[in-house]
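Engineer: You'll find target_22.cif just under this line, and it carries mmCIF, C-alpha atoms.
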data_upload
#
loop_
_atom_site.group_PDB
_atom_site.id
_atom_site.type_symbol
_atom_site.label_atom_id
_atom_site.label_comp_id
_atom_site.auth_asym_id
_atom_site.auth_seq_id
_atom_site.Cartn_x
_atom_site.Cartn_y
_atom_site.Cartn_z
ATOM 1 C CA MET A 613 101.157 76.433 85.110
ATOM 2 C CA THR A 614 102.936 76.051 81.819
ATOM 3 C CA SER A 615 104.115 79.644 81.549
ATOM 4 C CA ALA A 616 107.687 80.499 80.641
ATOM 5 C CA LEU A 617 107.782 83.020 83.477
ATOM 6 C CA ASP A 618 110.980 82.854 85.545
ATOM 7 C CA PRO A 619 110.168 80.340 88.316
ATOM 8 C CA SER A 620 111.767 82.568 90.946
ATOM 9 C CA ILE A 621 109.284 85.293 90.030
ATOM 10 C CA ALA A 622 106.356 82.900 89.664
ATOM 11 C CA ALA A 623 107.020 81.602 93.179
ATOM 12 C CA ARG A 624 106.563 85.086 94.622
ATOM 13 C CA LEU A 625 103.181 85.812 93.061
ATOM 14 C CA LYS A 626 100.035 85.660 95.131
ATOM 15 C CA ARG A 627 97.350 85.195 92.515
ATOM 16 C CA THR A 628 93.590 85.566 92.695
ATOM 17 C CA ALA A 629 91.457 82.432 92.507
ATOM 18 C CA ASP A 630 91.514 82.797 88.725
ATOM 19 C CA GLY A 631 95.317 83.017 88.595
ATOM 20 C CA LEU A 632 95.808 86.738 88.131
ATOM 21 C CA VAL A 633 97.742 89.593 89.664
ATOM 22 C CA CYS A 634 96.722 93.217 89.475
ATOM 23 C CA ALA A 635 98.777 95.520 87.227
ATOM 24 C CA VAL A 636 98.820 99.238 87.981
ATOM 25 C CA VAL A 637 100.065 101.324 85.085
ATOM 26 C CA GLN A 638 101.708 104.669 85.705
ATOM 27 C CA ARG A 639 102.949 107.202 83.186
ATOM 28 C CA ARG A 640 106.693 107.797 83.317
ATOM 29 C CA GLY A 641 107.535 111.350 84.268
ATOM 30 C CA THR A 642 104.175 112.669 85.376
ATOM 31 C CA GLY A 643 103.280 109.763 87.650
ATOM 32 C CA GLU A 644 99.666 109.723 86.452
ATOM 33 C CA VAL A 645 97.909 106.417 87.103
ATOM 34 C CA LEU A 646 96.669 105.476 83.649
ATOM 35 C CA MET A 647 94.799 102.214 84.205
ATOM 36 C CA VAL A 648 94.540 98.973 86.093
ATOM 37 C CA ALA A 649 94.569 95.648 84.304
ATOM 38 C CA TRP A 650 95.219 91.993 85.062
ATOM 39 C CA MET A 651 98.064 89.636 84.266
ATOM 40 C CA ASP A 652 98.455 85.920 84.334
ATOM 41 C CA ASP A 653 101.960 84.446 84.422
ATOM 42 C CA ASP A 654 102.239 84.455 80.663
ATOM 43 C CA ALA A 655 101.193 88.104 80.329
ATOM 44 C CA LEU A 656 103.812 89.066 82.906
ATOM 45 C CA HIS A 657 106.452 86.978 81.142
ATOM 46 C CA ARG A 658 105.715 88.642 77.804
ATOM 47 C CA THR A 659 105.702 92.098 79.337
ATOM 48 C CA LEU A 660 109.086 91.506 80.987
ATOM 49 C CA THR A 661 110.705 90.039 77.887
ATOM 50 C CA THR A 662 109.273 92.354 75.198
ATOM 51 C CA ARG A 663 108.706 95.636 77.125
ATOM 52 C CA ARG A 664 105.319 95.815 75.381
ATOM 53 C CA ALA A 665 102.589 95.881 78.038
ATOM 54 C CA THR A 666 100.591 92.662 77.760
ATOM 55 C CA TYR A 667 97.567 91.847 79.898
ATOM 56 C CA TYR A 668 94.973 89.150 80.427
ATOM 57 C CA SER A 669 91.394 90.032 79.565
ATOM 58 C CA ARG A 670 89.013 88.559 82.112
ATOM 59 C CA SER A 671 86.015 89.130 79.843
ATOM 60 C CA ARG A 672 87.586 87.684 76.699
ATOM 61 C CA GLN A 673 89.735 85.191 78.627
ATOM 62 C CA GLN A 674 92.780 85.815 76.495
ATOM 63 C CA LEU A 675 95.992 87.789 76.388
ATOM 64 C CA TRP A 676 96.016 91.214 74.785
ATOM 65 C CA VAL A 677 98.874 93.458 73.860
ATOM 66 C CA LYS A 678 97.910 96.993 74.807
ATOM 67 C CA GLY A 679 97.463 99.077 71.665
ATOM 68 C CA GLU A 680 97.467 96.133 69.288
ATOM 69 C CA THR A 681 94.165 97.331 67.821
ATOM 70 C CA SER A 682 94.080 101.006 68.837
ATOM 71 C CA GLY A 683 97.739 101.811 68.320
ATOM 72 C CA HIS A 684 97.816 103.161 71.872
ATOM 73 C CA THR A 685 100.756 101.053 72.941
ATOM 74 C CA GLN A 686 102.690 101.151 76.197
ATOM 75 C CA TYR A 687 106.469 100.890 76.259
ATOM 76 C CA VAL A 688 107.447 99.455 79.625
ATOM 77 C CA HIS A 689 110.392 101.089 81.391
ATOM 78 C CA GLU A 690 110.075 99.469 84.765
ATOM 79 C CA VAL A 691 108.113 96.736 86.531
ATOM 80 C CA ARG A 692 108.004 96.457 90.304
ATOM 81 C CA LEU A 693 106.398 93.795 92.492
ATOM 82 C CA ASP A 694 104.624 94.740 95.694
ATOM 83 C CA CYS A 695 105.429 93.410 99.155
ATOM 84 C CA ASP A 696 102.832 90.666 99.168
ATOM 85 C CA GLY A 697 103.130 89.628 95.539
ATOM 86 C CA ASP A 698 99.591 90.341 94.391
ATOM 87 C CA ALA A 699 100.240 93.500 92.370
ATOM 88 C CA VAL A 700 102.783 94.853 89.920
ATOM 89 C CA LEU A 701 103.490 98.464 89.044
ATOM 90 C CA LEU A 702 104.381 99.272 85.435
ATOM 91 C CA VAL A 703 106.029 102.558 84.535
ATOM 92 C CA VAL A 704 105.331 103.219 80.871
ATOM 93 C CA ASP A 705 105.480 105.603 77.978
ATOM 94 C CA GLN A 706 101.900 105.747 76.727
ATOM 95 C CA VAL A 707 101.134 106.436 73.077
ATOM 96 C CA GLY A 708 97.821 108.306 72.769
ATOM 97 C CA ALA A 709 94.970 107.750 75.191
ATOM 98 C CA ALA A 710 95.304 105.000 77.785
ATOM 99 C CA CYS A 711 91.544 104.494 78.080
ATOM 100 C CA HIS A 712 89.421 102.785 75.441
ATOM 101 C CA THR A 713 86.918 105.650 75.829
ATOM 102 C CA GLY A 714 89.513 108.077 74.487
ATOM 103 C CA ASP A 715 90.233 109.614 77.877
ATOM 104 C CA ALA A 716 93.866 110.100 78.810
ATOM 105 C CA THR A 717 93.422 107.789 81.801
ATOM 106 C CA CYS A 718 90.781 105.253 82.834
ATOM 107 C CA PHE A 719 90.155 107.290 85.998
ATOM 108 C CA ASP A 720 89.261 110.574 84.290
ATOM 109 C CA ALA A 721 85.507 110.148 83.962
ATOM 110 C CA THR A 722 84.135 109.483 87.434
ATOM 111 C CA ALA A 723 84.909 111.111 90.773
ATOM 112 C CA LEU A 724 83.328 109.314 93.739
ATOM 113 C CA LEU A 725 84.828 111.743 96.241
ATOM 114 C CA SER A 726 86.318 115.154 95.514
ATOM 115 C CA PRO A 727 88.900 117.122 97.471
ATOM 116 C CA GLU A 728 87.469 119.285 100.232
ATOM 117 C CA ASP A 729 87.420 123.014 99.649
ATOM 118 C CA MET B 1270 74.618 92.992 99.711
ATOM 119 C CA THR B 1271 73.689 94.737 102.916
ATOM 120 C CA SER B 1272 76.202 97.554 102.593
ATOM 121 C CA ALA B 1273 75.201 101.167 103.108
ATOM 122 C CA LEU B 1274 77.105 102.108 99.953
ATOM 123 C CA ASP B 1275 75.168 104.493 97.694
ATOM 124 C CA PRO B 1276 73.209 102.194 95.351
ATOM 125 C CA SER B 1277 74.098 104.304 92.332
ATOM 126 C CA ILE B 1278 77.776 103.637 93.057
ATOM 127 C CA ALA B 1279 77.241 99.988 93.973
ATOM 128 C CA ALA B 1280 75.502 99.446 90.632
ATOM 129 C CA ARG B 1281 78.613 100.584 88.764
ATOM 130 C CA LEU B 1282 81.082 98.244 90.462
ATOM 131 C CA LYS B 1283 82.391 95.183 88.672
ATOM 132 C CA ARG B 1284 83.561 93.009 91.533
ATOM 133 C CA THR B 1285 85.786 89.932 91.607
ATOM 134 C CA ALA B 1286 84.190 86.574 92.378
ATOM 135 C CA ASP B 1287 84.766 87.322 96.069
ATOM 136 C CA GLY B 1288 83.030 90.705 95.853
ATOM 137 C CA LEU B 1289 86.005 93.033 95.775
ATOM 138 C CA VAL B 1290 87.356 95.904 93.723
ATOM 139 C CA CYS B 1291 90.996 96.863 93.493
ATOM 140 C CA ALA B 1292 92.088 100.066 95.248
ATOM 141 C CA VAL B 1293 95.204 101.854 93.994
ATOM 142 C CA VAL B 1294 96.583 104.338 96.479
ATOM 143 C CA GLN B 1295 98.574 107.325 95.278
ATOM 144 C CA ARG B 1296 100.303 110.003 97.340
ATOM 145 C CA ARG B 1297 98.910 113.476 96.842
ATOM 146 C CA GLY B 1298 101.460 115.844 95.372
ATOM 147 C CA THR B 1299 104.218 113.452 94.348
ATOM 148 C CA GLY B 1300 101.989 110.936 92.565
ATOM 149 C CA GLU B 1301 103.894 107.982 94.018
ATOM 150 C CA VAL B 1302 101.895 104.756 93.956
ATOM 151 C CA LEU B 1303 101.980 103.677 97.593
ATOM 152 C CA MET B 1304 100.104 100.394 97.647
ATOM 153 C CA VAL B 1305 97.311 98.299 96.228
ATOM 154 C CA ALA B 1306 94.585 96.928 98.452
ATOM 155 C CA TRP B 1307 91.060 95.567 98.135
ATOM 156 C CA MET B 1308 87.654 96.939 99.018
ATOM 157 C CA ASP B 1309 84.249 95.425 99.435
ATOM 158 C CA ASP B 1310 81.205 97.682 99.265
ATOM 159 C CA ASP B 1311 81.353 98.426 102.961
ATOM 160 C CA ALA B 1312 85.041 99.397 102.886
ATOM 161 C CA LEU B 1313 84.342 101.782 100.016
ATOM 162 C CA HIS B 1314 81.346 103.239 101.817
ATOM 163 C CA ARG B 1315 83.401 103.887 104.954
ATOM 164 C CA THR B 1316 86.256 105.380 102.955
ATOM 165 C CA LEU B 1317 83.905 107.772 101.155
ATOM 166 C CA THR B 1318 82.064 108.851 104.286
ATOM 167 C CA THR B 1319 84.985 109.128 106.750
ATOM 168 C CA ARG B 1320 87.937 110.019 104.436
ATOM 169 C CA ARG B 1321 89.938 107.429 106.397
ATOM 170 C CA ALA B 1322 91.177 104.762 103.979
ATOM 171 C CA THR B 1323 89.462 101.485 104.840
ATOM 172 C CA TYR B 1324 90.124 98.189 103.083
ATOM 173 C CA TYR B 1325 89.087 94.559 103.121
ATOM 174 C CA SER B 1326 91.731 92.042 104.156
ATOM 175 C CA ARG B 1327 91.491 88.919 102.018
ATOM 176 C CA SER B 1328 93.677 86.937 104.420
ATOM 177 C CA ARG B 1329 91.869 87.984 107.589
ATOM 178 C CA GLN B 1330 88.491 88.338 105.851
ATOM 179 C CA GLN B 1331 87.649 91.548 107.643
ATOM 180 C CA LEU B 1332 87.725 95.315 107.208
ATOM 181 C CA TRP B 1333 90.767 97.242 108.341
ATOM 182 C CA VAL B 1334 91.297 100.939 108.728
ATOM 183 C CA LYS B 1335 94.759 101.728 107.385
ATOM 184 C CA GLY B 1336 97.011 102.806 110.263
ATOM 185 C CA GLU B 1337 94.657 101.671 113.004
ATOM 186 C CA THR B 1338 97.483 99.628 114.537
ATOM 187 C CA SER B 1339 100.598 101.252 113.042
ATOM 188 C CA GLY B 1340 99.477 104.863 113.171
ATOM 189 C CA HIS B 1341 100.314 105.107 109.460
ATOM 190 C CA THR B 1342 96.934 106.437 108.455
ATOM 191 C CA GLN B 1343 95.793 107.703 105.076
ATOM 192 C CA TYR B 1344 93.643 110.809 104.766
ATOM 193 C CA VAL B 1345 91.656 110.489 101.551
ATOM 194 C CA HIS B 1346 91.424 113.581 99.360
ATOM 195 C CA GLU B 1347 89.934 112.055 96.288
ATOM 196 C CA VAL B 1348 88.446 108.781 95.057
ATOM 197 C CA ARG B 1349 87.964 108.052 91.366
ATOM 198 C CA LEU B 1350 86.343 105.040 89.691
ATOM 199 C CA ASP B 1351 87.805 103.555 86.538
ATOM 200 C CA CYS B 1352 85.988 103.119 83.237
ATOM 201 C CA ASP B 1353 84.963 99.514 83.791
ATOM 202 C CA GLY B 1354 84.188 99.757 87.503
ATOM 203 C CA ASP B 1355 86.687 97.225 88.822
ATOM 204 C CA ALA B 1356 89.226 99.633 90.332
ATOM 205 C CA VAL B 1357 89.267 102.815 92.372
ATOM 206 C CA LEU B 1358 92.083 105.336 92.685
ATOM 207 C CA LEU B 1359 92.600 106.974 96.075
ATOM 208 C CA VAL B 1360 94.654 110.152 96.390
ATOM 209 C CA VAL B 1361 95.862 110.367 99.985
ATOM 210 C CA ASP B 1362 98.043 112.074 102.495
ATOM 211 C CA GLN B 1363 100.082 109.234 103.981
ATOM 212 C CA VAL B 1364 101.338 109.422 107.564
ATOM 213 C CA GLY B 1365 104.661 107.551 107.888
ATOM 214 C CA ALA B 1366 105.443 104.482 105.790
ATOM 215 C CA ALA B 1367 102.722 103.071 103.556
ATOM 216 C CA CYS B 1368 104.187 99.545 103.639
ATOM 217 C CA HIS B 1369 103.993 97.250 106.637
ATOM 218 C CA THR B 1370 107.702 96.464 106.065
ATOM 219 C CA GLY B 1371 108.583 100.083 106.869
ATOM 220 C CA ASP B 1372 109.252 100.999 103.246
ATOM 221 C CA ALA B 1373 107.752 104.237 101.971
ATOM 222 C CA THR B 1374 105.765 102.298 99.369
ATOM 223 C CA CYS B 1375 104.857 98.639 98.894
ATOM 224 C CA PHE B 1376 106.677 98.682 95.541
ATOM 225 C CA ASP B 1377 110.086 99.771 96.858
ATOM 226 C CA ALA B 1378 111.640 96.372 97.528
ATOM 227 C CA THR B 1379 111.487 94.398 94.284
ATOM 228 C CA ALA B 1380 112.250 95.419 90.710
ATOM 229 C CA LEU B 1381 111.271 92.780 88.155
ATOM 230 C CA LEU B 1382 112.412 94.938 85.232
ATOM 231 C CA SER B 1383 114.627 98.001 85.370
ATOM 232 C CA PRO B 1384 114.854 100.943 82.981
ATOM 233 C CA GLU B 1385 117.225 100.396 80.087
ATOM 234 C CA ASP B 1386 120.483 102.273 80.190
#
Output the file's structure in the form of structure tokens.
Structural biologist:
Amino acid sequence: MTSALDPSIAARLKRTADGLVCAVVQRRGTGEVLMVAWMDDDALHRTLTTRRATYYSRSRQQLWVKGETSGHTQYVHEVRLDCDGDAVLLVVDQVGAACHTGDATCFDATALLSPED
Amino acid sequence: MTSALDPSIAARLKRTADGLVCAVVQRRGTGEVLMVAWMDDDALHRTLTTRRATYYSRSRQQLWVKGETSGHTQYVHEVRLDCDGDAVLLVVDQVGAACHTGDATCFDATALLSPED
């Protein structure tokens, strides 16, 4: 690990085999869950220091700043770590659609189970 | 894969190397994010068919029904799949504390970044 992430934070992370933690992104105010992405230590460091949500793309194997291409940036108000260190919760102001499909959230398109009547 | 999960759902999942998808659990009504856990195909199948939140424990390498020991069960109202198939969102009624520490949510204890004044 050569990340600049605060060592006291790095020591608390429980990463997947490929060195990542799960990032859950929630809209400030409404509480909508917008998306789930992945962070390595460097992505978390950049997110904490710039307040611009930055993730690690497993498919492209590189960092990406949310909205860098689309303009649909996320300003990060708050980051919380979960009890076992394998997930972080980001509370953000989302510009435009969170999902690359154009949906407001990445969970809009597909219901696997609907509320009972 | 020998899971009973609906093949049309199974075909849409993008699993980690160890066969899991990420499950984000949100409280119905308030929208609080309660916890993040993991599901294999069988855990998802059981969750969808019983409406009792069921996860896969990476440390114990077995399924667990949330609240089976603690009584802090989750009744599942809704399950949604995200756009790239690697995460599900559960909307639940939570009995008692969601976190094994006794906190209401697994994100209560540790702020890595706080809102600006």
Engineer: Show which residues sit within 12 Å of Asp630 in chain A, as a PyMOL selection string. Count all atoms listed in the file, and ignore same-chain residues fewer than 2 positions away.
Structural biologist: (chain A and resi 626-628+632-634+650-653+668-670+673) or (chain B and resi 1285-1287)
Engineer: Which residue, B:Asp1386, B:Asp1362, B:Asp1351, B:Asp1372, has the smallest gap to chain A when you use all atoms listed in the file?
Structural biologist: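 When distances to chain A are compared using all atoms listed in the file, the smallest one comes from B:Asp1351.
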Engineer: Take chain A, lay it over chain B with a least-squares fit on all the Cα atoms in order, then hand it over as a PDB file with C-alpha atoms, keeping the file's coordinate frame.
Structural biologist:
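So selection.pdb came out as:
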ATOM      1  CA  MET A 613      74.678  92.934  99.737  1.00  0.00           C
ATOM      2  CA  THR A 614      73.701  94.716 102.901  1.00  0.00           C
ATOM      3  CA  SER A 615      76.205  97.545 102.591  1.00  0.00           C
ATOM      4  CA  ALA A 616      75.194 101.156 103.095  1.00  0.00           C
ATOM      5  CA  LEU A 617      77.089 102.104  99.946  1.00  0.00           C
ATOM      6  CA  ASP A 618      75.162 104.486  97.677  1.00  0.00           C
ATOM      7  CA  PRO A 619      73.203 102.168  95.343  1.00  0.00           C
ATOM      8  CA  SER A 620      74.099 104.289  92.320  1.00  0.00           C
ATOM      9  CA  ILE A 621      77.769 103.634  93.049  1.00  0.00           C
ATOM     10  CA  ALA A 622      77.232  99.985  93.961  1.00  0.00           C
ATOM     11  CA  ALA A 623      75.509  99.436  90.613  1.00  0.00           C
ATOM     12  CA  ARG A 624      78.618 100.576  88.753  1.00  0.00           C
ATOM     13  CA  LEU A 625      81.080  98.246  90.459  1.00  0.00           C
ATOM     14  CA  LYS A 626      82.388  95.192  88.679  1.00  0.00           C
ATOM     15  CA  ARG A 627      83.555  93.012  91.535  1.00  0.00           C
ATOM     16  CA  THR A 628      85.770  89.946  91.599  1.00  0.00           C
ATOM     17  CA  ALA A 629      84.180  86.588  92.373  1.00  0.00           C
ATOM     18  CA  ASP A 630      84.757  87.329  96.055  1.00  0.00           C
ATOM     19  CA  GLY A 631      83.023  90.718  95.859  1.00  0.00           C
ATOM     20  CA  LEU A 632      86.002  93.047  95.776  1.00  0.00           C
ATOM     21  CA  VAL A 633      87.350  95.914  93.726  1.00  0.00           C
ATOM     22  CA  CYS A 634      90.991  96.862  93.503  1.00  0.00           C
ATOM     23  CA  ALA A 635      92.097 100.071  95.253  1.00  0.00           C
ATOM     24  CA  VAL A 636      95.206 101.849  94.002  1.00  0.00           C
ATOM     25  CA  VAL A 637      96.587 104.343  96.485  1.00  0.00           C
ATOM     26  CA  GLN A 638      98.574 107.327  95.293  1.00  0.00           C
ATOM     27  CA  ARG A 639     100.311 109.988  97.343  1.00  0.00           C
ATOM     28  CA  ARG A 640      98.909 113.477  96.842  1.00  0.00           C
ATOM     29  CA  GLY A 641     101.456 115.833  95.357  1.00  0.00           C
ATOM     30  CA  THR A 642     104.209 113.455  94.346  1.00  0.00           C
ATOM     31  CA  GLY A 643     101.995 110.938  92.561  1.00  0.00           C
ATOM     32  CA  GLU A 644     103.889 107.980  94.031  1.00  0.00           C
ATOM     33  CA  VAL A 645     101.895 104.746  93.971  1.00  0.00           C
ATOM     34  CA  LEU A 646     101.985 103.683  97.606  1.00  0.00           C
ATOM     35  CA  MET A 647     100.094 100.386  97.642  1.00  0.00           C
ATOM     36  CA  VAL A 648      97.299  98.301  96.235  1.00  0.00           C
ATOM     37  CA  ALA A 649      94.571  96.920  98.449  1.00  0.00           C
ATOM     38  CA  TRP A 650      91.046  95.562  98.144  1.00  0.00           C
ATOM     39  CA  MET A 651      87.641  96.942  99.028  1.00  0.00           C
ATOM     40  CA  ASP A 652      84.249  95.425  99.432  1.00  0.00           C
ATOM     41  CA  ASP A 653      81.197  97.689  99.272  1.00  0.00           C
ATOM     42  CA  ASP A 654      81.354  98.441 102.962  1.00  0.00           C
ATOM     43  CA  ALA A 655      85.041  99.399 102.880  1.00  0.00           C
ATOM     44  CA  LEU A 656      84.337 101.774 100.002  1.00  0.00           C
ATOM     45  CA  HIS A 657      81.341 103.242 101.821  1.00  0.00           C
ATOM     46  CA  ARG A 658      83.401 103.886 104.951  1.00  0.00           C
ATOM     47  CA  THR A 659      86.253 105.381 102.971  1.00  0.00           C
ATOM     48  CA  LEU A 660      83.899 107.767 101.158  1.00  0.00           C
ATOM     49  CA  THR A 661      82.058 108.848 104.293  1.00  0.00           C
ATOM     50  CA  THR A 662      84.979 109.131 106.747  1.00  0.00           C
ATOM     51  CA  ARG A 663      87.933 110.011 104.445  1.00  0.00           C
ATOM     52  CA  ARG A 664      89.943 107.431 106.406  1.00  0.00           C
ATOM     53  CA  ALA A 665      91.181 104.762 103.985  1.00  0.00           C
ATOM     54  CA  THR A 666      89.456 101.490 104.849  1.00  0.00           C
ATOM     55  CA  TYR A 667      90.128  98.202 103.082  1.00  0.00           C
ATOM     56  CA  TYR A 668      89.091  94.568 103.125  1.00  0.00           C
ATOM     57  CA  SER A 669      91.733  92.052 104.136  1.00  0.00           C
ATOM     58  CA  ARG A 670      91.482  88.935 102.003  1.00  0.00           C
ATOM     59  CA  SER A 671      93.670  86.953 104.400  1.00  0.00           C
ATOM     60  CA  ARG A 672      91.875  88.009 107.579  1.00  0.00           C
ATOM     61  CA  GLN A 673      88.495  88.356 105.845  1.00  0.00           C
ATOM     62  CA  GLN A 674      87.648  91.565 107.630  1.00  0.00           C
ATOM     63  CA  LEU A 675      87.718  95.314 107.220  1.00  0.00           C
ATOM     64  CA  TRP A 676      90.768  97.249 108.339  1.00  0.00           C
ATOM     65  CA  VAL A 677      91.313 100.939 108.727  1.00  0.00           C
ATOM     66  CA  LYS A 678      94.762 101.737 107.389  1.00  0.00           C
ATOM     67  CA  GLY A 679      97.020 102.811 110.246  1.00  0.00           C
ATOM     68  CA  GLU A 680      94.676 101.677 112.992  1.00  0.00           C
ATOM     69  CA  THR A 681      97.495  99.636 114.535  1.00  0.00           C
ATOM     70  CA  SER A 682     100.612 101.248 113.042  1.00  0.00           C
ATOM     71  CA  GLY A 683      99.484 104.856 113.160  1.00  0.00           C
ATOM     72  CA  HIS A 684     100.328 105.111 109.463  1.00  0.00           C
ATOM     73  CA  THR A 685      96.943 106.443 108.463  1.00  0.00           C
ATOM     74  CA  GLN A 686      95.793 107.711 105.084  1.00  0.00           C
ATOM     75  CA  TYR A 687      93.644 110.815 104.764  1.00  0.00           C
ATOM     76  CA  VAL A 688      91.656 110.487 101.557  1.00  0.00           C
ATOM     77  CA  HIS A 689      91.425 113.585  99.363  1.00  0.00           C
ATOM     78  CA  GLU A 690      89.935 112.053  96.274  1.00  0.00           C
ATOM     79  CA  VAL A 691      88.451 108.776  95.051  1.00  0.00           C
ATOM     80  CA  ARG A 692      87.975 108.034  91.370  1.00  0.00           C
ATOM     81  CA  LEU A 693      86.338 105.041  89.693  1.00  0.00           C
ATOM     82  CA  ASP A 694      87.802 103.554  86.540  1.00  0.00           C
ATOM     83  CA  CYS A 695      85.984 103.118  83.239  1.00  0.00           C
ATOM     84  CA  ASP A 696      84.949  99.527  83.798  1.00  0.00           C
ATOM     85  CA  GLY A 697      84.188  99.759  87.500  1.00  0.00           C
ATOM     86  CA  ASP A 698      86.686  97.232  88.812  1.00  0.00           C
ATOM     87  CA  ALA A 699      89.223  99.628  90.332  1.00  0.00           C
ATOM     88  CA  VAL A 700      89.281 102.812  92.372  1.00  0.00           C
ATOM     89  CA  LEU A 701      92.087 105.327  92.694  1.00  0.00           C
ATOM     90  CA  LEU A 702      92.607 106.980  96.081  1.00  0.00           C
ATOM     91  CA  VAL A 703      94.658 110.145  96.398  1.00  0.00           C
ATOM     92  CA  VAL A 704      95.863 110.370  99.982  1.00  0.00           C
ATOM     93  CA  ASP A 705      98.057 112.071 102.506  1.00  0.00           C
ATOM     94  CA  GLN A 706     100.096 109.240 104.001  1.00  0.00           C
ATOM     95  CA  VAL A 707     101.358 109.418 107.573  1.00  0.00           C
ATOM     96  CA  GLY A 708     104.669 107.545 107.881  1.00  0.00           C
ATOM     97  CA  ALA A 709     105.454 104.497 105.785  1.00  0.00           C
ATOM     98  CA  ALA A 710     102.724 103.069 103.569  1.00  0.00           C
ATOM     99  CA  CYS A 711     104.178  99.553 103.637  1.00  0.00           C
ATOM    100  CA  HIS A 712     103.994  97.241 106.640  1.00  0.00           C
ATOM    101  CA  THR A 713     107.694  96.462 106.064  1.00  0.00           C
ATOM    102  CA  GLY A 714     108.561 100.073 106.860  1.00  0.00           C
ATOM    103  CA  ASP A 715     109.251 100.994 103.248  1.00  0.00           C
ATOM    104  CA  ALA A 716     107.750 104.225 101.979  1.00  0.00           C
ATOM    105  CA  THR A 717     105.762 102.294  99.371  1.00  0.00           C
ATOM    106  CA  CYS A 718     104.848  98.631  98.898  1.00  0.00           C
ATOM    107  CA  PHE A 719     106.669  98.677  95.546  1.00  0.00           C
ATOM    108  CA  ASP A 720     110.073  99.769  96.859  1.00  0.00           C
ATOM    109  CA  ALA A 721     111.640  96.382  97.532  1.00  0.00           C
ATOM    110  CA  THR A 722     111.498  94.406  94.299  1.00  0.00           C
ATOM    111  CA  ALA A 723     112.243  95.425  90.721  1.00  0.00           C
ATOM    112  CA  LEU A 724     111.275  92.777  88.157  1.00  0.00           C
ATOM    113  CA  LEU A 725     112.403  94.930  85.241  1.00  0.00           C
ATOM    114  CA  SER A 726     114.629  97.998  85.382  1.00  0.00           C
ATOM    115  CA  PRO A 727     114.854 100.924  82.983  1.00  0.00           C
ATOM    116  CA  GLU A 728     117.223 100.395  80.075  1.00  0.00           C
ATOM    117  CA  ASP A 729     120.491 102.281  80.151  1.00  0.00           C
TER     118      ASP A 729
END
Engineer: Name the closest residue to Leu1313 in chain B among the candidates B:Gln1363, B:Thr1370, B:Ser1328, B:Ser1272; distances are taken between atoms, counting all atoms listed in the file.
Structural biologist: B:Ser1272
Engineer: Do a neighbour search on Asp1353 in chain B at 9 Å with only C-alpha atoms, toss out local chain neighbours closer than 5 positions, and write the hits as an mmCIF file with C-alpha atoms, in the frame of the given file.
Structural biologist:
data_model
loop_
_atom_site.group_PDB
_atom_site.id
_atom_site.type_symbol
_atom_site.label_atom_id
_atom_site.label_comp_id
_atom_site.auth_asym_id
_atom_site.auth_seq_id
_atom_site.Cartn_x
_atom_site.Cartn_y
_atom_site.Cartn_z
ATOM 1 C CA CYS A 718 90.781 105.253 82.834
ATOM 2 C CA ARG B 1281 78.613 100.584 88.764
ATOM 3 C CA LEU B 1282 81.082 98.244 90.462
ATOM 4 C CA LYS B 1283 82.391 95.183 88.672
#
Engineer: Using the chain letters and numbers from the file, give me the residues hit by the PyMOL selection byres ((chain B) within 6 of (chain A)), as a PyMOL selection string.
Structural biologist: chain B and resi 1300+1346-1352+1375-1376+1379-1384
Engineer: Evaluate the PyMOL selection byres ((chain B and resi 1343) around 8) here and jot the selected residues down as JSON, numbers by chain.
Structural biologist: {"B": [1321, 1322, 1335, 1336, 1341, 1342, 1344, 1345, 1361, 1362, 1363, 1364]}
Engineer: Just say which residues the PyMOL selection byres ((chain A and resi 616) around 7) picks in this file, as a list in words.
Structural biologist: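 When the PyMOL selection byres ((chain A and resi 616) around 7) is applied, the selected residues are Thr614, Ser615, Leu617, Asp618, Asp654 and His657 of chain A.
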Engineer: Tell me, in Å to one decimal, how far CA of Ala1373 in chain B is from CA of Leu1332 in chain B.
Structural biologist: 22.5 Å
Engineer: Calculate how many Å separate CA of Gln1331 in chain B from CA of Ser1277 in chain B, rounding to one decimal.
Structural biologist: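 Those two atoms sit 24.1 Å apart.
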Engineer: Calculate how many Å separate CA of Arg1297 in chain B from CA of Gly708 in chain A, rounding to one decimal.
Structural biologist: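 If I compute the distance from CA of Arg1297 in chain B to CA of Gly708 in chain A, I get 24.6 Å.
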